[in-house]
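What follows is the content of target-v4.csv (CSV, C-alpha atoms).
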chain,number,residue,atom,x,y,z
A,242,MET,CA,33.7,2.8,13.4
A,243,SER,CA,31.0,5.3,12.4
A,244,SER,CA,28.7,5.9,9.5
A,245,THR,CA,26.5,8.8,8.4
A,246,ILE,CA,22.9,8.4,7.1
A,247,THR,CA,20.2,10.9,6.1
A,248,LEU,CA,17.2,10.2,8.3
A,249,SER,CA,13.7,11.0,7.2
A,250,ALA,CA,10.1,9.9,8.1
A,251,PHE,CA,6.7,9.4,6.7
A,252,ALA,CA,5.2,12.2,8.7
A,253,ASP,CA,1.7,11.6,7.5
A,254,GLU,CA,1.5,9.1,10.3
A,255,ALA,CA,1.7,12.0,12.7
A,256,GLY,CA,-1.1,14.0,11.1
A,257,PRO,CA,-2.7,14.6,7.7
A,258,SER,CA,-1.8,18.3,7.2
A,259,ALA,CA,1.5,19.9,6.2
A,260,ALA,CA,1.4,22.0,9.3
A,261,GLU,CA,1.0,18.9,11.6
A,262,GLN,CA,3.7,17.0,9.7
A,263,ILE,CA,6.2,19.8,9.9
A,264,ALA,CA,5.5,20.3,13.6
A,265,ALA,CA,6.0,16.6,14.2
A,266,LEU,CA,9.3,16.5,12.3
A,267,LYS,CA,10.6,19.6,14.2
A,268,GLN,CA,9.6,18.0,17.5
A,269,ALA,CA,11.5,14.8,16.5
A,270,GLY,CA,14.5,16.8,15.5
A,271,LEU,CA,14.3,15.6,11.9
A,272,LYS,CA,15.3,17.7,8.9
A,273,HIS,CA,13.9,15.5,6.1
A,274,ILE,CA,10.5,14.2,5.1
A,275,ASP,CA,9.3,11.4,2.7
A,276,ILE,CA,6.0,12.9,1.4
A,277,ARG,CA,3.3,10.3,0.9
A,278,ASN,CA,-0.1,11.9,1.7
A,279,ILE,CA,-0.3,15.6,2.6
A,280,ASP,CA,-3.2,18.1,2.9
A,281,GLY,CA,-5.6,15.5,1.5
A,282,HIS,CA,-3.5,14.6,-1.6
A,283,ASN,CA,-1.3,11.7,-2.4
A,284,ILE,CA,2.1,12.8,-3.7
A,285,THR,CA,1.4,11.4,-7.2
A,286,VAL,CA,-1.6,13.8,-7.6
A,287,LEU,CA,-0.5,16.7,-5.5
A,288,PRO,CA,-1.5,19.9,-7.4
A,289,LEU,CA,1.6,21.9,-8.5
A,290,ASP,CA,0.3,25.2,-7.0
A,291,HIS,CA,-0.3,23.5,-3.7
A,292,ALA,CA,3.1,21.9,-3.9
A,293,ARG,CA,4.7,25.3,-4.1
A,294,LYS,CA,2.8,26.4,-0.9
A,295,ILE,CA,4.1,23.3,0.9
A,296,LYS,CA,7.6,23.9,-0.3
A,297,ASP,CA,7.4,27.4,1.2
A,298,GLN,CA,6.3,25.9,4.5
A,299,LEU,CA,9.0,23.3,4.5
A,300,ASP,CA,11.7,25.9,3.7
A,301,ALA,CA,10.5,28.1,6.5
A,302,ALA,CA,10.9,25.1,8.9
A,303,GLY,CA,14.3,24.1,7.5
A,304,ILE,CA,13.0,20.7,6.3
A,305,SER,CA,13.9,19.1,2.9
A,306,VAL,CA,12.0,16.5,0.9
A,307,LEU,CA,14.1,13.3,0.8
A,308,MET,CA,11.9,11.0,-1.2
A,309,TYR,CA,8.4,10.8,-2.7
A,310,GLY,CA,6.5,8.0,-1.0
A,311,SER,CA,4.6,7.0,-4.1
A,312,PRO,CA,2.4,4.0,-4.5
A,313,LEU,CA,3.8,3.2,-8.0
A,314,GLY,CA,3.8,-0.5,-8.6
A,315,LYS,CA,1.0,-1.2,-6.1
A,316,ILE,CA,-1.5,-2.1,-8.8
A,317,ASP,CA,-2.1,-5.5,-10.5
A,318,ILE,CA,-0.1,-6.6,-13.5
A,319,ALA,CA,-3.5,-6.9,-15.2
A,320,ASP,CA,-4.2,-3.2,-14.5
A,321,ASP,CA,-3.5,-0.4,-17.0
A,322,PHE,CA,0.2,0.4,-16.8
A,323,ALA,CA,-0.6,3.9,-18.1
A,324,ILE,CA,-1.8,4.7,-14.6
A,325,ASP,CA,1.7,4.5,-13.2
A,326,LEU,CA,3.4,6.2,-16.1
A,327,ALA,CA,1.1,9.2,-15.6
A,328,LYS,CA,1.9,9.3,-11.9
A,329,LEU,CA,5.6,9.2,-12.5
A,330,LYS,CA,5.4,12.0,-15.0
A,331,HIS,CA,3.6,14.1,-12.4
A,332,LEU,CA,6.4,13.4,-9.9
A,333,GLY,CA,8.8,14.7,-12.6
A,334,GLN,CA,6.8,17.9,-12.6
A,335,LEU,CA,7.1,18.1,-8.8
A,336,LYS,CA,10.9,17.7,-8.9
A,337,PRO,CA,11.8,21.4,-9.7
A,338,ILE,CA,9.2,22.5,-7.1
A,339,LEU,CA,10.0,20.3,-4.1
A,340,GLY,CA,13.7,19.7,-4.9
A,341,ALA,CA,13.8,15.9,-4.6
A,342,SER,CA,14.3,13.3,-7.3
A,343,ALA,CA,14.0,10.0,-5.3
A,344,VAL,CA,10.8,8.0,-5.8
A,345,ARG,CA,9.7,5.0,-3.7
A,346,ILE,CA,8.1,2.3,-5.8
A,347,PHE,CA,6.9,-1.3,-5.7
A,348,SER,CA,6.8,-4.2,-8.2
A,349,TYR,CA,3.1,-5.1,-8.8
A,350,TYR,CA,0.5,-7.6,-7.6
A,351,ASN,CA,-0.7,-10.7,-9.3
A,352,LYS,CA,-4.2,-11.1,-7.9
A,353,PRO,CA,-6.6,-13.8,-8.8
A,354,LYS,CA,-9.2,-11.2,-9.8
A,355,GLY,CA,-6.8,-10.1,-12.5
A,356,GLY,CA,-6.4,-13.5,-14.0
A,357,GLY,CA,-3.8,-14.9,-11.7
A,358,LYS,CA,-0.8,-15.1,-14.2
A,359,SER,CA,1.7,-17.9,-13.9
A,360,PRO,CA,4.9,-17.2,-11.8
A,361,ALA,CA,6.9,-16.9,-15.1
A,362,GLU,CA,4.3,-14.4,-16.5
A,363,PHE,CA,4.3,-12.5,-13.3
A,364,ARG,CA,8.1,-12.2,-13.3
A,365,LYS,CA,8.2,-11.2,-16.9
A,366,GLU,CA,5.5,-8.5,-16.7
A,367,SER,CA,6.8,-7.1,-13.4
A,368,LEU,CA,10.3,-6.7,-14.7
A,369,SER,CA,9.1,-5.3,-18.0
A,370,ARG,CA,7.1,-2.6,-16.2
A,371,LEU,CA,10.0,-1.8,-13.8
A,372,LYS,CA,12.3,-1.4,-16.8
A,373,GLN,CA,9.9,1.0,-18.5
A,374,LEU,CA,9.5,3.0,-15.3
A,375,LYS,CA,13.3,3.1,-15.1
A,376,THR,CA,13.6,4.5,-18.6
A,377,LEU,CA,11.0,7.1,-18.0
A,378,ALA,CA,12.6,8.0,-14.6
A,379,SER,CA,15.9,8.5,-16.4
A,380,ASP,CA,14.3,10.9,-18.9
A,381,LEU,CA,12.7,12.8,-16.1
A,382,GLY,CA,15.8,13.0,-13.9
A,383,LEU,CA,14.3,10.9,-11.2
A,384,VAL,CA,15.7,7.9,-9.2
A,385,LEU,CA,13.5,4.9,-8.4
A,386,TYR,CA,13.9,3.1,-5.0
A,387,HIS,CA,12.2,-0.3,-4.9
A,388,GLU,CA,10.7,-1.4,-1.6
A,389,ASN,CA,10.1,-5.1,-0.7
A,390,GLU,CA,6.4,-5.6,0.2
A,391,ARG,CA,4.0,-8.4,0.8
A,392,HIS,CA,2.4,-10.1,-2.2
A,393,ILE,CA,4.1,-8.0,-4.9
A,394,PHE,CA,6.7,-9.6,-7.1
A,395,GLY,CA,9.5,-8.1,-4.9
A,396,ASP,CA,8.1,-9.9,-1.8
A,397,ARG,CA,10.6,-12.7,-1.0
A,398,SER,CA,14.3,-11.9,-0.9
A,399,ASP,CA,15.0,-14.2,-3.9
A,400,ASP,CA,12.8,-12.1,-6.1
A,401,VAL,CA,14.1,-8.9,-4.6
A,402,LEU,CA,17.6,-10.1,-5.6
A,403,THR,CA,16.3,-10.8,-9.1
A,404,ILE,CA,15.1,-7.2,-9.4
A,405,ALA,CA,18.4,-5.9,-8.1
A,406,GLN,CA,20.3,-8.0,-10.6
A,407,GLU,CA,18.1,-6.9,-13.5
A,408,LEU,CA,17.7,-3.2,-12.8
A,409,ARG,CA,19.8,-1.8,-9.9
A,410,ASP,CA,22.4,0.9,-10.8
A,411,PRO,CA,25.3,0.7,-8.2
A,412,ALA,CA,26.7,4.0,-9.3
A,413,PRO,CA,25.9,7.0,-7.0
A,414,ASN,CA,24.1,8.7,-9.9
A,415,GLY,CA,22.2,5.6,-10.9
A,416,THR,CA,18.4,5.5,-11.7
A,417,PHE,CA,17.3,2.4,-9.9
A,418,LYS,CA,18.0,1.6,-6.2
A,419,MET,CA,16.8,-0.8,-3.6
A,420,ILE,CA,15.1,-0.3,-0.2
A,421,PHE,CA,15.4,-2.9,2.6
A,422,ASP,CA,12.2,-2.9,4.7
A,423,PHE,CA,12.7,-5.0,7.9
A,424,GLY,CA,9.1,-5.3,8.9
A,425,ASN,CA,7.8,-6.4,5.6
A,426,TYR,CA,10.1,-9.5,5.7
A,427,VAL,CA,8.9,-10.2,9.3
A,428,VAL,CA,5.2,-10.1,8.2
A,429,GLY,CA,6.1,-12.5,5.3
A,430,ASN,CA,7.6,-14.9,7.8
A,431,GLU,CA,11.0,-14.8,6.1
A,432,PRO,CA,14.1,-14.8,8.4
A,433,VAL,CA,15.3,-11.2,8.2
A,434,TRP,CA,18.9,-11.8,8.9
A,435,ALA,CA,19.1,-14.4,6.1
A,436,ALA,CA,17.4,-11.9,3.8
A,437,TRP,CA,19.9,-9.3,4.7
A,438,LEU,CA,22.9,-11.5,4.0
A,439,LYS,CA,21.4,-12.2,0.6
A,440,LEU,CA,20.7,-8.5,-0.2
A,441,ARG,CA,23.2,-6.4,1.7
A,442,ASP,CA,25.4,-5.9,-1.3
A,443,THR,CA,22.5,-4.5,-3.2
A,444,THR,CA,20.8,-2.4,-0.5
A,445,ASP,CA,20.8,1.3,-0.9
A,446,ALA,CA,18.3,2.5,1.7
A,447,PHE,CA,16.4,1.3,4.7
A,448,HIS,CA,12.8,1.7,5.9
A,449,PHE,CA,12.7,1.6,9.7
A,450,LYS,CA,9.6,-0.5,10.4
A,451,ASP,CA,9.6,-3.4,12.9
A,452,ASN,CA,7.1,-6.1,13.6
A,453,LYS,CA,6.5,-9.0,15.9
A,454,GLN,CA,4.1,-11.8,16.4
A,455,THR,CA,1.5,-11.6,19.1
A,456,PRO,CA,0.6,-14.4,21.5
A,457,THR,CA,-2.5,-15.1,19.4
A,458,GLY,CA,-0.3,-15.6,16.2
A,459,GLU,CA,-1.2,-12.2,14.6
A,460,HIS,CA,1.5,-9.6,13.7
A,461,HIS,CA,1.6,-6.0,14.9
A,462,HIS,CA,4.1,-3.2,14.5
A,463,VAL,CA,6.5,-2.1,17.3
A,464,PRO,CA,9.2,0.6,17.6
A,465,VAL,CA,12.4,-0.4,15.8
A,466,GLY,CA,14.6,-2.8,17.7
A,467,GLN,CA,11.7,-4.3,19.7
A,468,GLY,CA,10.5,-6.7,17.0
A,469,PHE,CA,11.8,-9.6,14.9
A,470,GLY,CA,13.4,-7.5,12.3
A,471,CYS,CA,17.0,-8.0,13.5
A,472,ILE,CA,17.4,-4.3,13.1
A,473,PRO,CA,20.3,-3.6,15.6
A,474,GLN,CA,22.3,-6.5,14.2
A,475,ILE,CA,21.7,-5.4,10.6
A,476,ILE,CA,22.5,-1.8,11.2
A,477,ALA,CA,25.7,-2.8,13.0
A,478,ASP,CA,26.7,-4.9,10.0
A,479,ALA,CA,25.8,-2.1,7.6
A,480,VAL,CA,28.0,0.3,9.6
A,481,HIS,CA,30.8,-2.1,9.5
A,482,ARG,CA,30.3,-2.2,5.7
A,483,HIS,CA,30.4,1.7,5.6
A,484,PHE,CA,26.8,2.1,4.6
A,485,THR,CA,25.9,5.8,4.0
A,486,GLY,CA,22.5,5.7,2.4
A,487,PRO,CA,19.2,7.2,3.5
A,488,ALA,CA,16.8,5.7,6.0
A,489,THR,CA,13.1,6.5,6.5
A,490,ILE,CA,11.1,6.0,9.7
A,491,GLU,CA,7.8,4.3,8.8
A,492,PRO,CA,6.2,3.7,12.3
A,493,HIS,CA,2.9,1.9,11.5
A,494,LEU,CA,2.4,1.8,15.3
A,495,GLN,CA,-1.3,2.8,14.7
A,496,HIS,CA,-3.7,2.0,11.9
A,497,SER,CA,-4.0,5.7,11.2
A,498,PRO,CA,-5.7,6.9,7.9
A,499,ALA,CA,-2.2,7.2,6.4
A,500,VAL,CA,-1.3,3.7,7.3
A,501,LEU,CA,-4.7,2.3,6.3
A,502,ALA,CA,-4.1,3.8,2.8
A,503,THR,CA,-1.1,1.5,2.5
A,504,GLY,CA,-3.2,-1.7,3.0
A,505,PRO,CA,-1.3,-2.8,6.2
A,506,GLY,CA,-1.3,-6.4,7.4
A,507,GLY,CA,-1.7,-7.6,10.9
A,508,ILE,CA,-3.6,-6.1,13.8
A,509,PRO,CA,-3.3,-2.7,15.5
A,510,ASN,CA,-0.8,-2.5,18.4
A,511,GLN,CA,-3.1,-1.9,21.4
A,512,ALA,CA,-0.3,-0.2,23.3
A,513,TYR,CA,-0.5,2.7,21.0
A,514,SER,CA,-4.0,2.6,19.6
A,515,LYS,CA,-5.5,5.3,21.9
A,516,MET,CA,-2.6,7.8,21.7
A,517,PRO,CA,-2.7,10.9,19.7
A,518,LEU,CA,-1.0,10.1,16.3
A,519,ASN,CA,1.9,12.4,17.0
A,520,ASP,CA,2.7,10.7,20.3
A,521,SER,CA,3.2,7.4,18.7
A,522,PHE,CA,5.1,9.0,15.9
A,523,GLN,CA,7.5,10.6,18.4
A,524,ILE,CA,8.0,7.2,20.1
A,525,ALA,CA,8.9,5.7,16.7
A,526,CYS,CA,11.3,8.5,15.9
A,527,GLN,CA,13.0,8.3,19.3
A,528,ALA,CA,13.5,4.6,19.0
A,529,ALA,CA,15.1,4.9,15.6
A,530,LYS,CA,17.4,7.7,16.7
A,531,GLU,CA,18.5,5.8,19.8
A,532,LEU,CA,19.2,2.6,17.7
A,533,LEU,CA,21.3,4.6,15.3
A,534,ALA,CA,23.2,6.3,18.1
A,535,GLN,CA,24.0,2.9,19.7
A,536,ALA,CA,25.3,1.7,16.3
A,537,GLY,CA,27.6,4.7,16.1
A,538,VAL,CA,25.6,6.3,13.2
A,539,ALA,CA,25.6,10.1,12.8
A,540,ILE,CA,22.5,11.6,11.3
A,541,PHE,CA,23.1,14.0,8.4
A,542,CYS,CA,21.1,17.1,8.9
A,543,GLY,CA,21.9,19.2,5.8
A,544,LYS,CA,20.1,19.3,2.5
A,545,SER,CA,21.0,16.3,0.4
A,546,GLU,CA,19.8,13.8,-2.1
A,547,PRO,CA,19.6,10.2,-1.0
A,548,ARG,CA,23.1,8.6,-1.1
A,549,ALA,CA,24.1,5.0,-1.4
Same coordinates, now as structure tokens:
Amino acid sequence: MSSTITLSAFADEAGPSAAEQIAALKQAGLKHIDIRNIDGHNITVLPLDHARKIKDQLDAAGISVLMYGSPLGKIDIADDFAIDLAKLKHLGQLKPILGASAVRIFSYYNKPKGGGKSPAEFRKESLSRLKQLKTLASDLGLVLYHENERHIFGDRSDDVLTIAQELRDPAPNGTFKMIFDFGNYVVGNEPVWAAWLKLRDTTDAFHFKDNKQTPTGEHHHVPVGQGFGCIPQIIADAVHRHFTGPATIEPHLQHSPAVLATGPGGIPNQAYSKMPLNDSFQIACQAAKELLAQAGVAIFCGKSEPRA
């Protein structure tokens, strides 16, 4: 049994510039990119004129944008929601330039400095904001992809399932989808296979990030399949279930500037800490491609929107 996915990567972990990211993707044999930070700009504030220049570079290299790796939903529920609405509107302006409509999002923090709302208030405010983002995304022709992440509302699998039940559109042309990030469940000390069994019917995309505990009890990231993320088993199960969605390589093998901007947990992996960024990026990409090949997955290399 085989399956086909569209494989992409956060190439800002290979280098900050568009030229470095394109070169790294070409070396890895990838035809898609999730743009997060590029040429000194986060994707949510990337100037439109500069976006056109980047698109010309991507086109010349035969690379398509799969998803915008936005930080939407990585602010506190006490913070001004208008911040995220403005960022989403900017991504709507980028859509006709960069040719992608998929937007990675999160589901908000509830930090003590913001007042520390009750669990019920946290749930209500998070879902309210996500629903407003979904409405605006629909108006802009964008598709939101929620990623599980530590300390946001969508951290534990039970709350991720709540988000899926409240907002997910199972139809291929739906406006709200769900990303399963293996490594983030590991860092949260949640059994990943159990989380998968709970969420596999509502999973539309994967983030290839793996993690394991060190002898001192800390966590650090490792190439996919080498950690506690149950990735080979989950991908095998996904193939059996005819999964055909997108997957994005998010190495995190080094605490590079791109990774530090995400607020990573754990400690740097010393095995990769002194390598050039692109070297560790290539190791991560090769591990992901080998894992998919072993599972009988074909990598789609044409231009496409994320599928689920």
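If all atoms listed in the file are the atoms counted, then among A:Phe322, A:Tyr386, A:Tyr309, A:Trp434 the closest residue to Cys471 (chain A) is A:Trp434.
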*asked:* Taking 6 positions as the minimum chain separation for residues in the same chain, which residues sit within 10 Å of Gln268 (chain A) when counting all atoms listed in the file? Answer as a ChimeraX atom specification.
replied: /A:262,519,523,526
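Every protein or nucleic acid residue with an atom no more than 10 Å from Val286 (chain A), counting only C-alpha atoms and leaving out same-chain residues fewer than 2 positions away, appears here: Asn278, His282, Asn283, Ile284, Pro288, Leu289, Ser311, Ala327, Lys328, Leu329, His331, Leu332 and Leu335 of chain A.
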Write the residues you've just listed into a file as a compact mmCIF listing (two decimals), keeping the file's coordinate frame, and include C-alpha atoms for each of them.
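Contents of the output file again-v3.txt:
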# COMPACT_ATOMS: atom_id res chain seq x y z
CA ASN A 278 -0.10 11.90 1.70
CA HIS A 282 -3.50 14.60 -1.60
CA ASN A 283 -1.30 11.70 -2.40
CA ILE A 284 2.10 12.80 -3.70
CA PRO A 288 -1.50 19.90 -7.40
CA LEU A 289 1.60 21.90 -8.50
CA SER A 311 4.60 7.00 -4.10
CA ALA A 327 1.10 9.20 -15.60
CA LYS A 328 1.90 9.30 -11.90
CA LEU A 329 5.60 9.20 -12.50
CA HIS A 331 3.60 14.10 -12.40
CA LEU A 332 6.40 13.40 -9.90
CA LEU A 335 7.10 18.10 -8.80
*asked:* So, with all atoms listed in the file as the atoms that count, which of A:Pro456, A:Pro509, A:Gly314, A:Gly486 lies closest to Ser348 (chain A)?
replied: A:Gly314
*To one decimal place, how far is CA of Asn430 (chain A) from CA of Ser398 (chain A) in Å?*
11.4 Å
*asked:* What's the separation between CA of Met308 (chain A) and CA of Gly256 (chain A), in Å to one decimal place?
replied: 18.1 Å
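Comparing A:Thr455, A:Gln406, A:Thr376, A:Asn351 by their smallest distance to Ile393 (chain A), the closest is A:Asn351 (using all atoms listed in the file).
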